[in-house]
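Participant: Contents of start_15.cif (mmCIF, C-alpha atoms and all ligand atoms):
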data_work
loop_
_atom_site.label_atom_id
_atom_site.label_comp_id
_atom_site.auth_asym_id
_atom_site.auth_seq_id
_atom_site.Cartn_x
_atom_site.Cartn_y
_atom_site.Cartn_z
CA MET A 1 -43.16 -48.54 -42.60
CA ALA A 2 -45.01 -45.43 -43.72
CA ALA A 3 -47.22 -47.65 -45.86
CA ASP A 4 -48.52 -49.17 -42.62
CA CYS A 5 -49.74 -45.82 -41.32
CA PRO A 6 -53.53 -46.05 -41.65
CA GLY A 7 -55.10 -42.95 -43.11
CA HIS A 8 -51.72 -41.29 -43.70
CA PRO A 9 -50.30 -42.67 -46.92
CA ASP A 10 -47.65 -39.93 -47.09
CA ALA A 11 -46.50 -40.34 -43.50
CA LEU A 12 -42.85 -40.39 -42.55
CA GLY A 13 -43.37 -43.64 -40.66
CA THR A 14 -40.90 -45.65 -38.61
CA SER A 15 -38.56 -47.62 -40.82
CA ARG A 16 -37.35 -50.22 -38.33
CA THR A 17 -37.04 -51.20 -34.70
CA LEU A 18 -33.55 -51.47 -33.30
CA VAL A 19 -33.29 -53.78 -30.29
CA VAL A 20 -30.31 -52.96 -28.08
CA ASP A 21 -28.70 -54.67 -25.11
CA PRO A 22 -28.07 -51.91 -22.54
CA LYS A 23 -25.47 -54.05 -20.77
CA ALA A 24 -23.39 -54.51 -23.92
CA HIS A 25 -23.34 -50.76 -24.69
CA PRO A 26 -23.83 -48.90 -21.41
CA ARG A 27 -23.13 -45.36 -22.69
CA ILE A 28 -24.24 -43.91 -26.02
CA GLY A 29 -24.33 -40.53 -27.76
CA THR A 30 -21.29 -38.94 -29.38
CA MET A 31 -21.79 -35.62 -27.65
CA GLN A 32 -20.13 -37.29 -24.69
CA TYR A 33 -19.27 -40.89 -25.42
CA ALA A 34 -17.27 -42.89 -27.90
CA GLU A 35 -20.28 -44.94 -28.94
CA THR A 36 -23.71 -44.16 -30.27
CA LEU A 37 -26.58 -46.22 -31.62
CA PRO A 38 -25.68 -48.42 -34.61
CA LEU A 39 -27.58 -46.38 -37.17
CA GLU A 40 -27.23 -46.45 -40.91
CA ASP A 41 -26.68 -43.26 -42.85
CA HIS A 42 -29.84 -41.08 -42.84
CA GLU A 43 -31.32 -42.90 -39.86
CA VAL A 44 -32.59 -40.73 -37.00
CA VAL A 45 -33.72 -41.49 -33.45
CA LEU A 46 -35.98 -38.88 -31.87
CA THR A 47 -35.90 -38.38 -28.10
CA PHE A 48 -38.07 -36.13 -25.95
CA ASP A 49 -37.09 -35.13 -22.41
CA ASP A 50 -38.71 -33.72 -19.27
CA GLY A 51 -42.36 -34.71 -19.72
CA PRO A 52 -45.04 -35.60 -19.50
CA LEU A 53 -46.66 -32.18 -19.45
CA PRO A 54 -50.13 -32.83 -20.90
CA ARG A 55 -50.63 -29.53 -22.68
CA ASN A 56 -47.55 -29.97 -24.86
CA SER A 57 -46.74 -33.67 -24.57
CA ASN A 58 -50.18 -34.63 -25.89
CA GLN A 59 -49.65 -32.48 -28.95
CA ILE A 60 -46.25 -34.07 -29.51
CA LEU A 61 -47.90 -37.48 -29.29
CA ASP A 62 -50.58 -36.46 -31.80
CA ILE A 63 -47.98 -35.14 -34.25
CA LEU A 64 -45.95 -38.34 -33.97
CA ALA A 65 -49.09 -40.47 -34.32
CA ALA A 66 -50.10 -38.64 -37.50
CA GLU A 67 -46.76 -39.62 -39.01
CA CYS A 68 -46.61 -43.06 -37.37
CA VAL A 69 -43.30 -42.07 -35.84
CA LYS A 70 -41.91 -43.79 -32.76
CA ALA A 71 -39.61 -42.01 -30.35
CA THR A 72 -38.02 -42.40 -26.91
CA PHE A 73 -39.32 -40.28 -24.03
CA PHE A 74 -37.12 -39.58 -21.01
CA THR A 75 -39.70 -38.82 -18.35
CA ILE A 76 -39.18 -37.13 -14.99
CA GLY A 77 -40.39 -38.95 -11.87
CA ARG A 78 -42.26 -36.01 -10.41
CA MET A 79 -43.96 -35.31 -13.72
CA ALA A 80 -45.04 -38.95 -13.80
CA GLN A 81 -46.44 -38.56 -10.28
CA ALA A 82 -48.33 -35.43 -11.29
CA TYR A 83 -49.55 -36.79 -14.63
CA PRO A 84 -49.56 -40.57 -14.48
CA GLU A 85 -52.09 -40.72 -17.32
CA GLY A 86 -49.51 -38.90 -19.47
CA VAL A 87 -47.06 -41.76 -18.97
CA ARG A 88 -49.73 -44.34 -19.82
CA LYS A 89 -50.56 -42.39 -22.98
CA LEU A 90 -46.95 -42.72 -24.08
CA ARG A 91 -47.06 -46.45 -23.44
CA ASP A 92 -50.41 -46.89 -25.19
CA ALA A 93 -49.09 -44.99 -28.21
CA GLY A 94 -46.27 -47.50 -28.48
CA GLN A 95 -43.59 -45.00 -27.58
CA THR A 96 -40.51 -46.07 -25.65
CA ILE A 97 -40.31 -44.69 -22.10
CA GLY A 98 -36.95 -44.13 -20.43
CA THR A 99 -36.36 -42.13 -17.26
CA HIS A 100 -34.66 -38.83 -16.46
CA SER A 101 -34.36 -38.79 -12.62
CA GLN A 102 -36.99 -37.96 -10.02
CA ASP A 103 -36.49 -34.17 -9.67
CA HIS A 104 -34.26 -33.24 -12.60
CA PRO A 105 -31.37 -31.90 -10.48
CA LEU A 106 -28.71 -30.15 -12.54
CA SER A 107 -26.00 -31.34 -10.23
CA MET A 108 -25.67 -35.08 -10.74
CA ASN A 109 -22.08 -34.52 -11.76
CA ARG A 110 -21.21 -33.29 -8.28
CA MET A 111 -23.80 -34.55 -5.81
CA PRO A 112 -23.01 -37.39 -3.39
CA ILE A 113 -23.45 -40.70 -5.16
CA GLU A 114 -26.08 -41.79 -2.63
CA ARG A 115 -28.25 -38.87 -3.64
CA ALA A 116 -27.69 -39.54 -7.32
CA ARG A 117 -28.70 -43.17 -6.82
CA GLN A 118 -31.81 -42.01 -5.03
CA GLU A 119 -32.70 -39.69 -7.91
CA ILE A 120 -32.33 -42.54 -10.39
CA ASP A 121 -34.20 -45.08 -8.28
CA ASP A 122 -37.04 -42.73 -7.36
CA GLY A 123 -37.48 -41.64 -10.95
CA ILE A 124 -37.82 -45.24 -12.10
CA ALA A 125 -40.18 -46.04 -9.22
CA SER A 126 -42.42 -43.06 -10.02
CA VAL A 127 -42.67 -43.94 -13.71
CA THR A 128 -43.26 -47.61 -12.85
CA ALA A 129 -46.07 -46.60 -10.49
CA ALA A 130 -47.62 -44.37 -13.16
CA LEU A 131 -47.58 -47.22 -15.68
CA GLY A 132 -49.50 -49.45 -13.32
CA ASN A 133 -48.07 -52.57 -14.81
CA GLY A 134 -44.79 -52.99 -16.56
CA ALA A 135 -41.69 -50.90 -16.16
CA PRO A 136 -39.86 -48.23 -18.14
CA ALA A 137 -37.11 -49.21 -20.55
CA ALA A 138 -33.63 -49.52 -19.09
CA PHE A 139 -32.69 -46.21 -20.71
CA PHE A 140 -31.64 -43.17 -18.66
CA ARG A 141 -30.67 -39.65 -19.62
CA ILE A 142 -28.78 -37.61 -17.03
CA PRO A 143 -30.40 -34.17 -16.47
CA GLY A 144 -28.45 -31.50 -18.30
CA LEU A 145 -26.18 -34.29 -19.62
CA LEU A 146 -24.11 -33.59 -16.50
CA ARG A 147 -22.43 -36.95 -16.42
CA ALA A 148 -20.26 -38.38 -13.70
CA GLU A 149 -18.46 -41.70 -13.57
CA GLY A 150 -20.10 -42.72 -10.32
CA VAL A 151 -23.54 -42.13 -11.82
CA GLU A 152 -22.67 -44.05 -14.98
CA ASP A 153 -21.19 -46.91 -12.98
CA TYR A 154 -24.30 -47.16 -10.88
CA LEU A 155 -26.56 -47.17 -13.94
CA ALA A 156 -24.36 -49.81 -15.56
CA SER A 157 -24.58 -51.94 -12.42
CA ARG A 158 -28.35 -51.82 -12.79
CA GLY A 159 -28.13 -52.77 -16.46
CA ILE A 160 -29.37 -49.34 -17.53
CA GLN A 161 -28.08 -47.64 -20.66
CA VAL A 162 -27.04 -43.96 -20.38
CA TRP A 163 -28.25 -41.93 -23.34
CA SER A 164 -26.45 -38.76 -24.23
CA ALA A 165 -27.24 -37.45 -27.74
CA ASP A 166 -25.59 -36.89 -31.10
CA PHE A 167 -27.03 -33.43 -31.61
CA LEU A 168 -29.38 -30.86 -30.07
CA ALA A 169 -31.81 -28.31 -31.43
CA ASP A 170 -31.51 -25.89 -28.48
CA ASP A 171 -35.28 -26.08 -27.96
CA TRP A 172 -34.97 -25.21 -24.25
CA ARG A 173 -33.52 -21.82 -25.11
CA HIS A 174 -35.63 -18.76 -25.83
CA ILE A 175 -35.47 -19.14 -29.57
CA SER A 176 -38.17 -19.33 -32.20
CA SER A 177 -39.64 -22.61 -33.38
CA SER A 178 -38.18 -21.86 -36.83
CA ARG A 179 -34.76 -21.71 -35.25
CA VAL A 180 -35.36 -25.06 -33.55
CA TYR A 181 -36.26 -26.50 -36.93
CA GLU A 182 -33.20 -24.95 -38.59
CA LEU A 183 -30.81 -26.18 -35.91
CA ALA A 184 -32.26 -29.69 -35.95
CA MET A 185 -31.88 -29.99 -39.71
CA LYS A 186 -28.51 -28.26 -39.92
CA ARG A 187 -26.93 -30.41 -37.23
CA LEU A 188 -28.46 -33.57 -38.60
CA GLU A 189 -27.11 -32.78 -42.06
CA GLN A 190 -23.66 -32.30 -40.54
CA LYS A 191 -23.69 -35.73 -38.94
CA GLY A 192 -25.83 -37.56 -41.44
CA LYS A 193 -27.59 -39.62 -38.77
CA GLY A 194 -27.96 -39.87 -35.02
CA ILE A 195 -29.93 -39.23 -31.85
CA LEU A 196 -31.74 -35.88 -31.69
CA LEU A 197 -32.53 -34.48 -28.24
CA LEU A 198 -35.79 -32.52 -27.98
CA HIS A 199 -38.19 -31.58 -25.16
CA ASP A 200 -41.88 -32.53 -25.28
CA ILE A 201 -42.68 -29.90 -22.62
CA GLN A 202 -41.74 -27.02 -24.91
CA ALA A 203 -44.34 -25.19 -26.99
CA ARG A 204 -41.68 -24.23 -29.53
CA THR A 205 -40.90 -27.91 -30.02
CA VAL A 206 -44.58 -28.63 -30.62
CA ALA A 207 -44.54 -25.87 -33.23
CA ALA A 208 -41.31 -27.05 -34.87
CA LEU A 209 -41.97 -30.79 -34.95
CA PRO A 210 -44.36 -31.04 -37.95
CA ARG A 211 -41.88 -29.14 -40.09
CA ILE A 212 -38.97 -31.25 -38.86
CA LEU A 213 -40.81 -34.49 -39.64
CA HIS A 214 -41.87 -33.21 -43.05
CA GLU A 215 -38.33 -32.20 -43.91
CA LEU A 216 -36.93 -35.51 -42.69
CA LYS A 217 -39.22 -37.23 -45.15
CA VAL A 218 -38.37 -34.84 -48.00
CA ARG A 219 -34.63 -35.31 -47.45
CA GLY A 220 -34.86 -39.07 -47.28
CA TYR A 221 -34.24 -39.61 -43.58
CA ARG A 222 -35.72 -42.63 -41.83
CA ILE A 223 -36.95 -42.92 -38.26
CA VAL A 224 -35.67 -45.76 -36.08
CA ASP A 225 -37.49 -46.95 -32.98
CA VAL A 226 -35.19 -48.21 -30.23
CA VAL A 227 -36.21 -50.72 -27.57
CA PRO A 228 -34.24 -52.69 -24.99
CA ALA A 229 -33.66 -56.38 -25.53
CA THR A 230 -35.81 -58.89 -23.66
CA PRO A 231 -35.63 -62.68 -23.48
CA GLU A 232 -38.37 -62.77 -26.12
CA GLN A 233 -36.83 -60.08 -28.29
CA PRO A 234 -33.02 -60.42 -28.50
CA ALA A 235 -30.74 -57.55 -29.53
CA THR A 236 -30.39 -56.72 -33.20
CA PRO A 237 -27.07 -58.24 -34.36
CA THR A 238 -24.44 -55.54 -34.88
CA GLU A 239 -20.70 -55.15 -35.36
CA PRO A 240 -18.71 -53.08 -32.82
CA LEU A 241 -17.77 -50.54 -35.50
CA GLN A 242 -21.42 -49.75 -36.15
CA TRP A 243 -21.62 -48.22 -32.68
CA GLN A 244 -19.42 -45.37 -33.77
CA LEU A 245 -21.03 -42.40 -35.50
CA HIS A 246 -18.27 -42.36 -38.08
CA PRO A 247 -15.58 -45.01 -38.21
CA PRO A 248 -12.17 -43.49 -37.35
CA SER A 249 -11.03 -43.51 -40.97
CA GLU A 250 -13.85 -41.11 -41.84
CA THR A 251 -13.19 -38.75 -38.96
CA VAL A 252 -12.23 -35.44 -40.48
CA ALA A 253 -12.49 -33.11 -37.55
CA ILE A 254 -10.96 -30.09 -39.24
CA SER A 255 -13.75 -29.65 -41.74
CA GLN A 256 -16.33 -29.27 -39.01
CA TRP A 257 -14.17 -27.95 -36.22
CA PRO A 258 -15.82 -24.61 -35.43
CA GLU A 259 -19.34 -25.97 -35.59
CA ILE A 260 -19.09 -29.18 -33.62
CA PRO A 261 -16.81 -28.87 -30.63
CA ASN A 262 -17.80 -32.37 -29.54
CA PHE A 263 -16.56 -33.91 -32.70
CA VAL A 264 -13.22 -35.08 -31.34
CA PHE A 265 -13.56 -38.66 -30.27
CA ALA A 266 -11.93 -39.76 -27.08
CA ASP A 267 -10.02 -42.98 -27.46
CA GLY A 268 -12.53 -45.33 -26.01
CA GLY A 269 -13.19 -43.01 -23.10
CA GLU A 270 -15.61 -40.20 -22.51
CA LEU A 271 -15.52 -36.49 -22.88
CA THR A 272 -16.31 -34.34 -19.91
CA ALA A 273 -19.78 -32.92 -19.44
CA PRO A 274 -20.63 -30.02 -21.75
CA ALA A 275 -19.91 -26.61 -20.29
CA PHE A 276 -22.90 -24.72 -18.98
CA SER A 277 -22.14 -21.99 -21.45
CA ASP A 278 -22.97 -24.47 -24.18
CA LEU A 279 -25.87 -26.24 -22.63
CA ASP A 280 -27.73 -23.37 -21.17
CA TRP A 281 -30.12 -25.26 -18.96
CA ARG A 282 -30.73 -22.34 -16.65
CA ASP A 283 -34.43 -22.43 -17.54
CA LEU A 284 -34.66 -25.78 -15.91
CA GLN A 285 -32.30 -25.17 -13.04
CA SER A 286 -33.43 -25.94 -9.53
CA MET A 287 -36.56 -27.30 -11.04
CA THR A 288 -39.47 -27.65 -8.73
CA LEU A 289 -42.57 -29.15 -10.15
CA ALA A 290 -44.39 -25.82 -10.02
CA GLU A 291 -41.59 -24.18 -11.95
CA LEU A 292 -41.53 -26.97 -14.45
CA LEU A 293 -45.24 -26.74 -15.04
CA ASP A 294 -44.86 -23.04 -15.56
CA HIS A 295 -41.88 -23.50 -17.81
CA ALA A 296 -43.65 -23.89 -21.11
CA SER A 297 -45.85 -20.84 -20.60
CA ARG A 298 -42.91 -18.73 -19.48
CA SER A 299 -40.85 -19.71 -22.42
CA THR A 300 -43.51 -18.64 -24.91
CA ARG A 301 -43.41 -15.14 -23.47
CA GLY A 302 -39.64 -14.98 -23.56
CA VAL A 303 -37.81 -12.57 -25.80
CA PRO A 304 -35.51 -14.37 -28.22
CA LEU A 305 -31.93 -13.85 -27.19
CA PRO A 306 -29.08 -13.46 -29.63
CA ARG A 307 -27.37 -16.67 -30.41
CA GLN A 308 -24.33 -17.31 -28.36
CA ALA A 309 -21.19 -16.84 -30.35
CA PRO A 310 -19.42 -20.16 -30.73
CA TRP A 311 -15.83 -19.03 -30.39
CA PRO A 312 -15.31 -18.48 -26.64
CA ARG A 313 -16.14 -22.10 -25.96
CA ARG A 314 -13.45 -24.10 -24.30
CA TRP A 315 -13.72 -27.73 -25.16
CA PRO A 316 -11.29 -30.39 -24.17
CA VAL A 317 -9.28 -31.06 -27.27
CA SER A 318 -7.16 -34.12 -27.30
CA SER A 319 -3.61 -33.18 -28.23
CA GLU A 320 -2.99 -36.78 -29.22
CA SER A 321 -5.44 -36.53 -32.06
CA GLY A 322 -3.41 -35.97 -35.18
CA ALA A 323 -6.52 -35.00 -37.11
CA ILE A 324 -6.80 -31.63 -35.39
CA ALA A 325 -3.14 -30.64 -35.35
CA LEU A 326 -2.87 -27.45 -37.34
CA PRO A 327 0.46 -26.13 -38.60
CA VAL A 328 2.00 -23.19 -36.77
CA PRO A 329 1.34 -20.04 -38.82
CA ALA A 330 4.40 -18.45 -40.32
CA ALA A 331 5.62 -15.37 -38.47
CA SER A 332 5.24 -13.40 -41.69
CA VAL A 333 1.46 -13.77 -41.45
CA PHE A 334 1.40 -11.29 -38.60
CA GLU A 335 3.88 -8.81 -40.02
CA MET A 336 2.97 -5.78 -42.08
CA ALA A 337 5.22 -5.00 -44.97
CA GLU A 338 7.78 -2.36 -44.05
CA LYS A 339 6.67 -0.16 -46.90
CA SER A 340 3.20 -0.08 -45.43
CA TYR A 341 4.57 1.62 -42.35
CA ALA A 342 6.46 4.03 -44.52
CA ALA A 343 3.38 4.77 -46.58
CA MET A 344 1.35 5.44 -43.47
CA ALA A 345 4.04 7.70 -42.09
CA MET A 346 4.29 9.68 -45.29
CA SER A 347 0.56 10.04 -45.44
CA SER A 348 0.39 11.41 -41.94
CA HIS A 349 3.35 13.68 -42.59
CA HIS A 350 1.65 15.43 -45.48
CA GLN A 351 -1.47 16.11 -43.48
CA GLU A 352 0.00 16.75 -40.09
CA GLN A 353 -1.32 20.31 -39.90
CA THR A 354 -4.92 19.21 -40.31
CA VAL A 355 -7.40 17.77 -37.86
CA GLN A 356 -7.58 14.61 -39.95
CA ALA A 357 -3.90 14.13 -39.41
CA ASP A 358 -4.47 13.92 -35.71
CA ARG A 359 -7.11 11.21 -36.08
CA ARG A 360 -5.03 9.34 -38.55
CA THR A 361 -1.99 9.45 -36.33
CA ASP A 362 -4.07 8.12 -33.51
CA ARG A 363 -5.07 5.19 -35.63
CA ILE A 364 -1.52 4.50 -36.62
CA ALA A 365 -0.38 4.81 -33.04
CA LYS A 366 -2.96 2.25 -32.03
CA LEU A 367 -1.95 -0.04 -34.84
CA ILE A 368 1.65 0.12 -33.89
CA ALA A 369 1.01 -0.07 -30.19
CA ALA A 370 -0.93 -3.28 -30.78
CA ASP A 371 1.76 -4.63 -33.02
CA SER A 372 4.65 -3.85 -30.69
CA GLY A 373 2.81 -4.58 -27.46
CA GLU A 374 5.12 -7.43 -26.68
CA SER A 375 8.34 -5.45 -26.82
CA ARG A 376 6.73 -2.61 -24.88
CA ARG A 377 5.89 -4.95 -22.09
CA MET A 378 9.38 -6.32 -22.10
CA ARG A 379 11.19 -2.96 -21.88
CA PRO A 380 8.90 -0.23 -20.60
CA ARG A 381 11.58 2.05 -19.18
CA ARG A 382 13.99 1.93 -22.06
CA GLN A 383 11.21 2.67 -24.48
CA GLY A 384 10.22 5.82 -22.56
CA GLU A 385 13.78 7.12 -22.44
CA HIS A 386 14.29 6.42 -26.07
CA ALA A 387 11.10 8.25 -26.98
CA ARG A 388 12.30 11.39 -25.23
CA ARG A 389 15.66 11.25 -26.97
CA SER A 390 13.84 10.68 -30.20
CA GLY A 391 11.80 13.83 -29.66
CA LYS A 392 14.97 15.90 -29.35
CA ARG A 393 16.41 14.46 -32.47
CA HIS A 394 13.39 15.45 -34.56
CA PRO A 395 12.29 18.81 -33.18
CA THR A 396 10.18 19.70 -36.21
CA GLY A 397 8.23 16.52 -36.10
CA HIS A 398 9.28 15.64 -39.61
CA GLY A 399 8.75 12.14 -40.78
CA SER A 400 11.15 12.61 -43.66
CA ARG A 401 13.91 10.63 -42.01
CA LEU A 402 11.67 7.67 -41.65
CA THR A 403 12.37 5.24 -44.39
CA ALA A 404 11.82 1.60 -44.88
CA HIS A 405 14.95 1.13 -42.79
CA GLY A 406 13.47 3.08 -39.91
CA GLY A 407 11.41 0.17 -38.71
CA ARG A 408 8.28 0.23 -36.65
CA ARG A 409 9.89 1.48 -33.44
CA GLU A 410 11.11 4.62 -35.13
CA LEU A 411 7.65 5.28 -36.51
CA LYS A 412 6.06 4.81 -33.13
CA HIS A 413 8.33 7.43 -31.61
CA LEU A 414 7.57 9.75 -34.44
CA VAL A 415 3.87 9.32 -33.92
CA GLN A 416 4.16 9.94 -30.20
CA PHE A 417 6.03 13.13 -30.87
CA LYS A 418 3.47 14.29 -33.40
CA LYS A 419 0.66 13.70 -31.00
CA ARG A 420 2.31 16.00 -28.47
CA SER A 421 2.97 18.73 -31.01
CA VAL A 422 -0.43 18.84 -32.77
ZN ZN B 1 -34.04 -32.68 -18.93
#
Translate this file's structure into structure tokens.

Facilitator:
Amino acid sequence: MAADCPGHPDALGTSRTLVVDPKAHPRIGTMQYAETLPLEDHEVVLTFDDGPLPRNSNQILDILAAECVKATFFTIGRMAQAYPEGVRKLRDAGQTIGTHSQDHPLSMNRMPIERARQEIDDGIASVTAALGNGAPAAFFRIPGLLRAEGVEDYLASRGIQVWSADFLADDWRHISSSRVYELAMKRLEQKGKGILLLHDIQARTVAALPRILHELKVRGYRIVDVVPATPEQPATPTEPLQWQLHPPSETVAISQWPEIPNFVFADGGELTAPAFSDLDWRDLQSMTLAELLDHASRSTRGVPLPRQAPWPRRWPVSSESGAIALPVPAASVFEMAEKSYAAMAMSSHHQEQTVQADRRTDRIAKLIAADSGESRRMRPRRQGEHARRSGKRHPTGHGSRLTAHGGRRELKHLVQFKKRSV
């Protein structure tokens, strides 16, 4: 508890240690899986990927130590080879060490399974060698969260738990540390609890972390340390339902639909890997060690990019889920009242001799063209013929014959005629 944090009476602290059996729950994290850690409301698990990178990872460790906070670190094999003392520092600080492949390939969802196995095995071997004695926890996070069944099956066969996450803070993107803080808190508030994915190699994460921890404390969140079960330390007793972020009865997808595309739970299965457009890992793509080491410094010089708009995302949405079935909008929603057309026509008629009339007519023409696009596509030839006939019938370009009964097609012809005559 925070009270046990020597010299830091106001520390956030670590409220409890959750002991899990990786074999009993091989895949966790609601971003991709049906299950997540059995957390109580307002409980948070912090995870840090891609280290150790001394310059930033050491600062992360110091910040956590000052708050007596325990987290899980998913280390990369080649980073462990380059900075073995960084791995030992994590261990000596009492942090949990999982692994994150040897080279961080962003292709484990499509590479031959033999290569994927090699990545997993080599990563574990490198971290084990760095530790000197002991081994990393049987926790693995797939680089880029690019999951594949073969990879998951292999990890399960080795008794290793795959960790996805419950929410991100986008701290690998070129955004400010304030934005990282805002995203972390906003997404946590939306879920109420869960696993937060961060990166200890990022300077912006170093900058954001003190504020995140402070705010967690202010808002009454509690940190949970997670360790794998051992013969001496058996798994914390839990009920199956606790491994779901929200029990099904509480799942109200509609209320959060635009914000959390991952919210729809698969029925006991998994969702596909997040689209690259969502998880923009391009910074870390084809990561060589040299690039990785340069990554933090590059990112601090980066210009913040505008946030990606959420709406073009295409997420698999289960049609079986009744919770997200929206009613079909009534056709009337898309229709303009007939008198609106008439009003527009009259307005343009009165001003047809002026320059404004031309602009206005253009706008109306566009409006109508958009509205009647479907019928135009259906009958292009007949429409053209009719327009010519229409022109003959109204040689003066008068709109006076257009009434509410004229309908939108009549108005369109009128507008086309006017455009020619102005
Ligand atoms: Zn990573």

Participant: Using all atoms listed in the file, what table do you get, as JSON lines, when you list each residue of region 147-262 of chain A with an atom no more than 8 Å from region 25-49 of chain A, its nearest pair of atoms, and their distance in Å rounded to one decimal, rows by chain then rising number?

Facilitator:
{"residue": "A:Glu152", "atom": "CA", "partner": "A:Arg27", "partner_atom": "CA", "distance": 7.8}
{"residue": "A:Ala156", "atom": "CA", "partner": "A:Pro26", "partner_atom": "CA", "distance": 5.9}
{"residue": "A:Gly159", "atom": "CA", "partner": "A:Pro26", "partner_atom": "CA", "distance": 7.6}
{"residue": "A:Ile160", "atom": "CA", "partner": "A:Pro26", "partner_atom": "CA", "distance": 6.8}
{"residue": "A:Gln161", "atom": "CA", "partner": "A:Pro26", "partner_atom": "CA", "distance": 4.5}
{"residue": "A:Val162", "atom": "CA", "partner": "A:Arg27", "partner_atom": "CA", "distance": 4.8}
{"residue": "A:Trp163", "atom": "CA", "partner": "A:Ile28", "partner_atom": "CA", "distance": 5.2}
{"residue": "A:Ser164", "atom": "CA", "partner": "A:Gly29", "partner_atom": "CA", "distance": 4.5}
{"residue": "A:Ala165", "atom": "CA", "partner": "A:Gly29", "partner_atom": "CA", "distance": 4.2}
{"residue": "A:Asp166", "atom": "CA", "partner": "A:Thr30", "partner_atom": "CA", "distance": 5.1}
{"residue": "A:Phe167", "atom": "CA", "partner": "A:Met31", "partner_atom": "CA", "distance": 6.9}
{"residue": "A:Gly192", "atom": "CA", "partner": "A:His42", "partner_atom": "CA", "distance": 5.5}
{"residue": "A:Lys193", "atom": "CA", "partner": "A:His42", "partner_atom": "CA", "distance": 4.9}
{"residue": "A:Gly194", "atom": "CA", "partner": "A:Val44", "partner_atom": "CA", "distance": 5.1}
{"residue": "A:Ile195", "atom": "CA", "partner": "A:Val45", "partner_atom": "CA", "distance": 4.7}
{"residue": "A:Leu196", "atom": "CA", "partner": "A:Leu46", "partner_atom": "CA", "distance": 5.2}
{"residue": "A:Leu197", "atom": "CA", "partner": "A:Thr47", "partner_atom": "CA", "distance": 5.2}
{"residue": "A:Leu198", "atom": "CA", "partner": "A:Phe48", "partner_atom": "CA", "distance": 4.7}
{"residue": "A:His199", "atom": "CA", "partner": "A:Phe48", "partner_atom": "CA", "distance": 4.6}
{"residue": "A:Asp200", "atom": "CA", "partner": "A:Phe48", "partner_atom": "CA", "distance": 5.3}
{"residue": "A:Ile201", "atom": "CA", "partner": "A:Asp49", "partner_atom": "CA", "distance": 7.7}
{"residue": "A:Gly220", "atom": "CA", "partner": "A:His42", "partner_atom": "CA", "distance": 7.0}
{"residue": "A:Tyr221", "atom": "CA", "partner": "A:His42", "partner_atom": "CA", "distance": 4.7}
{"residue": "A:Arg222", "atom": "CA", "partner": "A:Glu43", "partner_atom": "CA", "distance": 4.8}
{"residue": "A:Ile223", "atom": "CA", "partner": "A:Val44", "partner_atom": "CA", "distance": 5.0}
{"residue": "A:Val224", "atom": "CA", "partner": "A:Val45", "partner_atom": "CA", "distance": 5.4}
{"residue": "A:Asp225", "atom": "CA", "partner": "A:Val45", "partner_atom": "CA", "distance": 6.7}
{"residue": "A:Val226", "atom": "CA", "partner": "A:Val45", "partner_atom": "CA", "distance": 7.6}
{"residue": "A:Thr238", "atom": "CA", "partner": "A:Pro38", "partner_atom": "CA", "distance": 7.2}
{"residue": "A:Gln242", "atom": "CA", "partner": "A:Pro38", "partner_atom": "CA", "distance": 4.7}
{"residue": "A:Trp243", "atom": "CA", "partner": "A:Pro38", "partner_atom": "CA", "distance": 4.5}
{"residue": "A:Gln244", "atom": "CA", "partner": "A:Glu35", "partner_atom": "CA", "distance": 4.9}
{"residue": "A:Leu245", "atom": "CA", "partner": "A:Thr36", "partner_atom": "CA", "distance": 6.1}
{"residue": "A:Asn262", "atom": "CA", "partner": "A:Met31", "partner_atom": "CA", "distance": 5.5}

Participant: In Å, how far is it from CA of Ala125 (chain A) to CA of Asp92 (chain A)?

Facilitator: 19.0 Å

Participant: Which residue out of A:Ser126, A:Ser177, A:Gln202, A:Ser15 has the minimum interatomic distance to Gly51 (chain A) when only C-alpha atoms are used?

Facilitator: A:Gln202

Participant: From the options A:Gly86, A:Pro240, A:Pro52, A:Gly150, which residue's atoms come nearest to ligand ZN 1 (chain B), counting only C-alpha atoms and all ligand atoms?

Facilitator: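 Looking at the shortest contact to ligand ZN 1 (chain B), the residue is A:Pro52.
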
Participant: Could you tell me, counting all atoms listed in the file, which protein and nucleic acid residues lie no more than 6 Å from ligand ZN 1 (chain B), written as a ChimeraX atom specification?

Facilitator: /A:49-50,143-144

Participant: Between CA of Ala71 (chain A) and CA of Met108 (chain A), what is the distance in Å, rounded to a tenth?

Facilitator: 25.0 Å

Participant: Grab the CA of Asn109 (chain A) to CA of Phe140 (chain A) distance for me, in Å with one decimal place.

Facilitator: 14.6 Å

Participant: Of the candidates A:Pro112, A:Arg55, A:Leu241, A:Gln233, which one gets nearest to Leu18 (chain A) if we count all atoms listed in the file?

Facilitator: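 The shortest atom-to-atom distance to Leu18 (chain A) comes from A:Gln233.
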
Participant: Can you work out which one of A:His100, A:Lys89, A:Ala169, A:Pro210 has the shortest atom-to-atom distance to Arg187 (chain A), counting all atoms listed in the file?

Facilitator: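 Closest candidate: A:Ala169.
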
Participant: Hey, could you pull the box centre and edge lengths for region 52-60 of chain A, axis-aligned, 4 Å padding per side, all listed atoms, to one decimal in Å, as AutoDock Vina command-line options?

Facilitator:
--center_x -47.8 --center_y -32.6 --center_z -24.5 --size_x 13.6 --size_y 14.1 --size_z 18.1

Participant: Of the candidates A:Pro228, A:Gly98, A:Pro54, A:Gly77, which shows the shortest atom-to-atom distance to Asp122 (chain A), using all atoms listed in the file?

Facilitator: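 Among A:Pro228, A:Gly98, A:Pro54, A:Gly77, it is A:Gly77 that comes nearest to Asp122 (chain A).
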